[in-house]
Amino acid sequence: MKHKFSLNYDRKIVPKRMNPELSEKDDKDLKFFLEHGYLVVDDALNSDEVNKIREAFNDTFKKLDNVKHIEVGLLEYDKRFLKLLDNEIVIKKIKSILGNCIQLHSATARLCKPGEQNQIWHRDGPWPVDPAGTPFGSIPGQVNCGYYLDELNSENGAFALVPGSHKIKLDIPREDIEYPNQKYLFAKPGQAVLFSGWMYHRGMGNKSQSDRRVCLMCYQNAWIKSREDFDGPVARELKKNGSDEQKLLLGSADKW
């Protein structure tokens, strides 16, 4: 019996080369990320773009009422969020880390209201990654990108992380504790915070009188299973008529 195998996507959306050419600045940023597990990208969004995303965020959560966390499908709620899908400034950095063949793992958003407590320490990746990798050299990759829409401070809650924990067999209890080597990031609107999904991190509690808002776009190698199916009307339209990059990011290359 003969079995036919056919691809349902245009092969041209798959990059012909795995790794991009890096500028001196990009190479320096890459080395910093590999060592520490995070990178702050300045001017990822301009002021007009920040305001549009804020408006989309506020409109979306107002409609949802009492929802604090959109766990999947952020792009389906408002087309203004699409700027975050293939933001050129961020995608360039993501590709320098993961290579050219990437897709979106998930698109989420979180609203941290006044009075919310500290999150517990956690990693996003479910796999038991060995710091040395596998003998063949494969390490599952997931790079998260946080767009904070409010300037972080000690009152509304910093983003806390343990630099370097993405590459060591560190077993931090999933609790609300202080860790000796932890670092607080006080991100500003317009910046993007990239961090490894395998790094221990958490959001601190909100002791202010204002909301803390963040959109999270998470990326991975295109051959790894993603959290989302990207089968909503917005995603389907982009997979049909979007750019080659948008098609790849949304999982159009469904078979290898």
# chains A, B, ... in the order shown; residues from 1 in each chain; ligands from 1

$ residues_around --residues "region 167-183 of chain A" --least-positions-apart "4" --cutoff "9 Å" --atoms "only C-alpha atoms" --output "tab-separated table (two decimals) with C-alpha atoms, in the first residue's frame"
chain	number	residue	atom	x	y	z
A	34	LEU	CA	22.21	33.20	27.03
A	35	GLU	CA	24.12	34.00	30.21
A	36	HIS	CA	21.39	35.63	32.30
A	37	GLY	CA	18.15	34.36	30.75
A	118	ASN	CA	2.90	37.98	45.14
A	119	GLN	CA	2.91	35.17	42.63
A	120	ILE	CA	4.82	32.04	43.53
A	121	TRP	CA	8.12	31.24	41.84
A	122	HIS	CA	7.66	29.13	38.72
A	129	VAL	CA	15.65	20.41	30.62
A	130	ASP	CA	19.22	19.35	31.36
A	131	PRO	CA	21.58	22.36	31.44
A	132	ALA	CA	23.99	20.44	29.19
A	159	PHE	CA	8.87	41.54	37.70
A	160	ALA	CA	11.14	39.26	39.74
A	161	LEU	CA	13.53	36.70	38.30
A	162	VAL	CA	16.54	34.60	39.20
A	163	PRO	CA	19.22	35.35	36.57
A	198	TRP	CA	12.81	27.94	31.87
A	199	MET	CA	13.95	30.72	34.16
A	200	TYR	CA	12.40	31.03	37.61
A	201	HIS	CA	10.30	34.18	37.72

$ residues_around --residues "Glu24 (chain A)" --least-positions-apart "6" --cutoff "12 Å" --atoms "only C-alpha atoms" --output "short mmCIF file (atom, residue, chain, number, x, y, z; two decimals) with N, CA and C atoms, in the first residue's frame"
data_model
loop_
_atom_site.label_atom_id
_atom_site.label_comp_id
_atom_site.auth_asym_id
_atom_site.auth_seq_id
_atom_site.Cartn_x
_atom_site.Cartn_y
_atom_site.Cartn_z
N LEU A 30 22.49 38.86 22.52
CA LEU A 30 22.33 37.41 22.53
C LEU A 30 23.17 36.79 23.64
N LYS A 31 24.42 37.19 23.74
CA LYS A 31 25.31 36.63 24.77
C LYS A 31 24.79 36.95 26.17
N SER A 96 17.35 35.97 16.88
CA SER A 96 18.77 35.87 17.22
C SER A 96 18.99 34.80 18.28
#

$ atom_distance --atom1 "CA of Gly190 (chain A)" --atom2 "CA of Ser165 (chain A)"
26.1 Å

$ residues_around --residues "region 215-227 of chain A" --least-positions-apart "5" --cutoff "8 Å" --atoms "only C-alpha atoms" --output "PyMOL selection string"
chain A and resi 84-85+94+98-99+101-110+140-149+248-249+251+253+256

$ atom_distance --atom1 "CA of Asn241 (chain A)" --atom2 "CA of Val14 (chain A)"
16.0 Å

$ atom_distance --atom1 "CA of Ser252 (chain A)" --atom2 "CA of Glu21 (chain A)"
24.9 Å

$ select_by_dssp --residues "region 34-231 of chain A" --states "strand (DSSP E)" --output "number ranges by chain"
A: 38-41, 69-70, 102-112, 142-148, 159-161, 183-185, 192-196, 201-203, 212-221

$ closest_residue --among "A:Asn100, A:Ser138, A:Val214, A:Lys93" --to "Phe32 (chain A)" --atoms "only C-alpha atoms"
A:Lys93

$ residues_around --residues "Glu76 (chain A)" --least-positions-apart "6" --cutoff "8 Å" --atoms "only C-alpha atoms" --output "count of residues only"
4

$ residues_around --residues "Leu45 (chain A)" --least-positions-apart "2" --cutoff "10 Å" --atoms "only C-alpha atoms" --output "list in words"
Val41, Asp42, Asp43, Ser47, Asp48, Glu49, Val50, Asn51, Ile53, Lys83, Leu84, Asn87, Ile89, Val90, Tyr147, Pro189, Gly190, Gln191 and Ala192 of chain A

$ residues_around --residues "Lys113 (chain A)" --least-positions-apart "5" --cutoff "9 Å" --atoms "only C-alpha atoms" --output "list in words"
Lys68, Asn156, Asn206, Ser208, Gln209, Ser210, Asp211, Arg212 and Arg213 of chain A

$ write_last_selection --atoms "N, CA and C atoms" --output "compact mmCIF listing (two decimals), in the first residue's frame"
# COMPACT_ATOMS: atom_id res chain seq x y z
N LYS A 68 -9.23 38.39 35.17
CA LYS A 68 -7.93 39.00 35.41
C LYS A 68 -6.82 38.42 34.53
N ASN A 156 3.49 49.02 42.72
CA ASN A 156 2.57 48.24 41.88
C ASN A 156 3.11 46.87 41.53
N ASN A 206 0.66 43.75 44.08
CA ASN A 206 0.33 45.14 43.77
C ASN A 206 -0.16 45.84 45.03
N SER A 208 -0.21 49.16 45.22
CA SER A 208 -0.61 50.51 44.83
C SER A 208 -2.13 50.61 44.74
N GLN A 209 -2.60 51.75 44.27
CA GLN A 209 -4.03 51.96 44.08
C GLN A 209 -4.41 51.88 42.60
N SER A 210 -3.47 51.43 41.77
CA SER A 210 -3.71 51.38 40.32
C SER A 210 -3.48 49.97 39.78
N ASP A 211 -4.08 49.70 38.63
CA ASP A 211 -3.91 48.40 37.97
C ASP A 211 -2.50 48.28 37.39
N ARG A 212 -2.05 47.04 37.26
CA ARG A 212 -0.82 46.74 36.53
C ARG A 212 -1.20 45.86 35.35
N ARG A 213 -0.81 46.28 34.15
CA ARG A 213 -1.26 45.59 32.94
C ARG A 213 -0.07 45.09 32.12

$ select_by_dssp --residues "region 20-241 of chain A" --states "helix (DSSP H, G or I)" --output "compact mmCIF listing (two decimals) with C-alpha atoms, in the first residue's frame"
# COMPACT_ATOMS: atom_id res chain seq x y z
CA GLU A 24 27.56 43.60 16.90
CA LYS A 25 24.75 44.92 19.14
CA ASP A 26 22.52 41.89 18.50
CA ASP A 27 25.40 39.52 19.20
CA LYS A 28 26.10 41.31 22.49
CA ASP A 29 22.40 41.10 23.46
CA LEU A 30 22.33 37.41 22.53
CA LYS A 31 25.31 36.63 24.77
CA PHE A 32 23.68 38.53 27.64
CA PHE A 33 20.43 36.56 27.20
CA LEU A 34 22.21 33.20 27.03
CA GLU A 35 24.12 34.00 30.21
CA HIS A 36 21.39 35.63 32.30
CA SER A 47 4.09 56.08 22.53
CA ASP A 48 1.23 55.88 20.01
CA GLU A 49 1.53 52.09 19.86
CA VAL A 50 1.58 51.85 23.65
CA ASN A 51 -1.59 53.93 23.85
CA LYS A 52 -3.36 51.77 21.25
CA ILE A 53 -2.46 48.57 23.11
CA ARG A 54 -3.61 50.14 26.40
CA GLU A 55 -6.95 51.05 24.82
CA ALA A 56 -7.34 47.53 23.43
CA PHE A 57 -6.43 46.06 26.82
CA ASN A 58 -8.89 48.26 28.72
CA ASP A 59 -11.72 47.66 26.24
CA THR A 60 -11.13 43.91 26.32
CA PHE A 61 -11.06 43.49 30.09
CA LYS A 62 -14.03 45.82 30.51
CA LYS A 63 -16.08 43.51 28.29
CA LEU A 64 -14.90 40.39 30.13
CA LEU A 74 -5.41 37.38 23.04
CA LEU A 75 -5.21 38.18 19.32
CA GLU A 76 -8.84 37.20 18.86
CA TYR A 77 -10.15 39.80 21.30
CA LYS A 79 -7.11 43.43 16.22
CA ARG A 80 -5.09 46.20 17.83
CA PHE A 81 -3.17 43.44 19.62
CA LEU A 82 -1.85 42.21 16.25
CA LYS A 83 0.99 44.72 16.46
CA LEU A 84 2.48 42.42 19.09
CA GLU A 88 9.86 43.68 13.97
CA ILE A 89 12.06 45.02 16.77
CA VAL A 90 11.20 42.12 19.07
CA ILE A 91 11.07 39.41 16.40
CA LYS A 92 14.63 40.29 15.39
CA LYS A 93 15.79 39.61 18.94
CA ILE A 94 13.74 36.41 19.21
CA LYS A 95 15.28 35.10 15.98
CA SER A 96 18.77 35.87 17.22
CA ILE A 97 18.04 33.51 20.14
CA LEU A 98 15.86 30.78 18.59
CA SER A 165 18.27 29.84 36.62
CA HIS A 166 17.28 28.83 33.08
CA LYS A 167 20.44 26.77 32.72
CA PRO A 233 -11.31 33.96 12.86
CA VAL A 234 -8.48 36.50 13.23
CA ALA A 235 -5.79 33.81 13.13
CA ARG A 236 -7.47 31.94 10.27
CA GLU A 237 -7.60 35.11 8.18
CA LEU A 238 -3.90 35.80 8.77
CA LYS A 239 -2.96 32.20 7.98
CA LYS A 240 -4.80 32.60 4.69
CA ASN A 241 -3.92 36.15 3.64

$ decode --residues "region 7-34 of chain A" --atoms "N, CA and C atoms" --output "PDB file, in the first residue's frame"
ATOM      1  N   LEU A   7       1.993  18.441   1.981  1.00  0.00           N
ATOM      2  CA  LEU A   7       1.992  19.586   2.875  1.00  0.00           C
ATOM      3  C   LEU A   7       0.830  20.496   2.523  1.00  0.00           C
ATOM      4  N   ASN A   8       0.177  21.003   3.562  1.00  0.00           N
ATOM      5  CA  ASN A   8      -0.976  21.870   3.339  1.00  0.00           C
ATOM      6  C   ASN A   8      -0.598  23.344   3.359  1.00  0.00           C
ATOM      7  N   TYR A   9       0.684  23.649   3.337  1.00  0.00           N
ATOM      8  CA  TYR A   9       1.121  25.027   3.382  1.00  0.00           C
ATOM      9  C   TYR A   9       2.165  25.277   2.298  1.00  0.00           C
ATOM     10  N   ASP A  10       2.348  26.534   1.972  1.00  0.00           N
ATOM     11  CA  ASP A  10       3.327  26.933   0.980  1.00  0.00           C
ATOM     12  C   ASP A  10       4.719  26.819   1.586  1.00  0.00           C
ATOM     13  N   ARG A  11       5.592  26.054   0.953  1.00  0.00           N
ATOM     14  CA  ARG A  11       6.935  25.831   1.494  1.00  0.00           C
ATOM     15  C   ARG A  11       7.739  27.125   1.645  1.00  0.00           C
ATOM     16  N   LYS A  12       7.360  28.146   0.912  1.00  0.00           N
ATOM     17  CA  LYS A  12       8.170  29.375   0.949  1.00  0.00           C
ATOM     18  C   LYS A  12       8.083  30.097   2.290  1.00  0.00           C
ATOM     19  N   ILE A  13       7.111  29.734   3.140  1.00  0.00           N
ATOM     20  CA  ILE A  13       7.014  30.405   4.436  1.00  0.00           C
ATOM     21  C   ILE A  13       8.079  29.890   5.406  1.00  0.00           C
ATOM     22  N   VAL A  14       8.710  28.767   5.067  1.00  0.00           N
ATOM     23  CA  VAL A  14       9.764  28.214   5.925  1.00  0.00           C
ATOM     24  C   VAL A  14      11.095  28.848   5.532  1.00  0.00           C
ATOM     25  N   PRO A  15      11.768  29.515   6.456  1.00  0.00           N
ATOM     26  CA  PRO A  15      13.043  30.172   6.129  1.00  0.00           C
ATOM     27  C   PRO A  15      14.051  29.183   5.557  1.00  0.00           C
ATOM     28  N   LYS A  16      14.844  29.664   4.623  1.00  0.00           N
ATOM     29  CA  LYS A  16      15.850  28.817   3.972  1.00  0.00           C
ATOM     30  C   LYS A  16      17.109  28.689   4.812  1.00  0.00           C
ATOM     31  N   ARG A  17      17.269  29.580   5.759  1.00  0.00           N
ATOM     32  CA  ARG A  17      18.463  29.570   6.591  1.00  0.00           C
ATOM     33  C   ARG A  17      18.048  29.625   8.046  1.00  0.00           C
ATOM     34  N   MET A  18      18.705  28.822   8.889  1.00  0.00           N
ATOM     35  CA  MET A  18      18.301  28.720  10.279  1.00  0.00           C
ATOM     36  C   MET A  18      18.674  29.951  11.092  1.00  0.00           C
ATOM     37  N   ASN A  19      19.891  30.403  10.998  1.00  0.00           N
ATOM     38  CA  ASN A  19      20.356  31.495  11.855  1.00  0.00           C
ATOM     39  C   ASN A  19      20.537  32.789  11.081  1.00  0.00           C
ATOM     40  N   PRO A  20      20.113  33.910  11.657  1.00  0.00           N
ATOM     41  CA  PRO A  20      20.291  35.199  10.986  1.00  0.00           C
ATOM     42  C   PRO A  20      21.704  35.739  11.172  1.00  0.00           C
ATOM     43  N   GLU A  21      22.075  36.678  10.310  1.00  0.00           N
ATOM     44  CA  GLU A  21      23.313  37.412  10.501  1.00  0.00           C
ATOM     45  C   GLU A  21      23.087  38.429  11.617  1.00  0.00           C
ATOM     46  N   LEU A  22      23.994  38.489  12.572  1.00  0.00           N
ATOM     47  CA  LEU A  22      23.809  39.362  13.721  1.00  0.00           C
ATOM     48  C   LEU A  22      24.746  40.565  13.663  1.00  0.00           C
ATOM     49  N   SER A  23      24.195  41.724  14.014  1.00  0.00           N
ATOM     50  CA  SER A  23      25.025  42.905  14.171  1.00  0.00           C
ATOM     51  C   SER A  23      25.825  42.757  15.462  1.00  0.00           C
ATOM     52  N   GLU A  24      26.758  43.645  15.665  1.00  0.00           N
ATOM     53  CA  GLU A  24      27.560  43.603  16.897  1.00  0.00           C
ATOM     54  C   GLU A  24      26.664  43.777  18.127  1.00  0.00           C
ATOM     55  N   LYS A  25      25.674  44.678  18.021  1.00  0.00           N
ATOM     56  CA  LYS A  25      24.746  44.915  19.138  1.00  0.00           C
ATOM     57  C   LYS A  25      23.886  43.678  19.390  1.00  0.00           C
ATOM     58  N   ASP A  26      23.356  43.076  18.333  1.00  0.00           N
ATOM     59  CA  ASP A  26      22.517  41.888  18.497  1.00  0.00           C
ATOM     60  C   ASP A  26      23.315  40.728  19.088  1.00  0.00           C
ATOM     61  N   ASP A  27      24.563  40.591  18.668  1.00  0.00           N
ATOM     62  CA  ASP A  27      25.403  39.523  19.204  1.00  0.00           C
ATOM     63  C   ASP A  27      25.671  39.747  20.685  1.00  0.00           C
ATOM     64  N   LYS A  28      25.884  40.995  21.083  1.00  0.00           N
ATOM     65  CA  LYS A  28      26.098  41.314  22.492  1.00  0.00           C
ATOM     66  C   LYS A  28      24.846  41.008  23.308  1.00  0.00           C
ATOM     67  N   ASP A  29      23.668  41.385  22.768  1.00  0.00           N
ATOM     68  CA  ASP A  29      22.404  41.099  23.457  1.00  0.00           C
ATOM     69  C   ASP A  29      22.166  39.598  23.572  1.00  0.00           C
ATOM     70  N   LEU A  30      22.493  38.863  22.516  1.00  0.00           N
ATOM     71  CA  LEU A  30      22.333  37.411  22.533  1.00  0.00           C
ATOM     72  C   LEU A  30      23.174  36.788  23.639  1.00  0.00           C
ATOM     73  N   LYS A  31      24.421  37.186  23.741  1.00  0.00           N
ATOM     74  CA  LYS A  31      25.307  36.626  24.766  1.00  0.00           C
ATOM     75  C   LYS A  31      24.790  36.948  26.171  1.00  0.00           C
ATOM     76  N   PHE A  32      24.240  38.150  26.342  1.00  0.00           N
ATOM     77  CA  PHE A  32      23.676  38.525  27.639  1.00  0.00           C
ATOM     78  C   PHE A  32      22.484  37.626  27.967  1.00  0.00           C
ATOM     79  N   PHE A  33      21.605  37.405  26.970  1.00  0.00           N
ATOM     80  CA  PHE A  33      20.431  36.560  27.200  1.00  0.00           C
ATOM     81  C   PHE A  33      20.842  35.126  27.532  1.00  0.00           C
ATOM     82  N   LEU A  34      21.779  34.575  26.783  1.00  0.00           N
ATOM     83  CA  LEU A  34      22.209  33.201  27.027  1.00  0.00           C
ATOM     84  C   LEU A  34      22.800  33.036  28.416  1.00  0.00           C
TER      85      LEU A  34
END
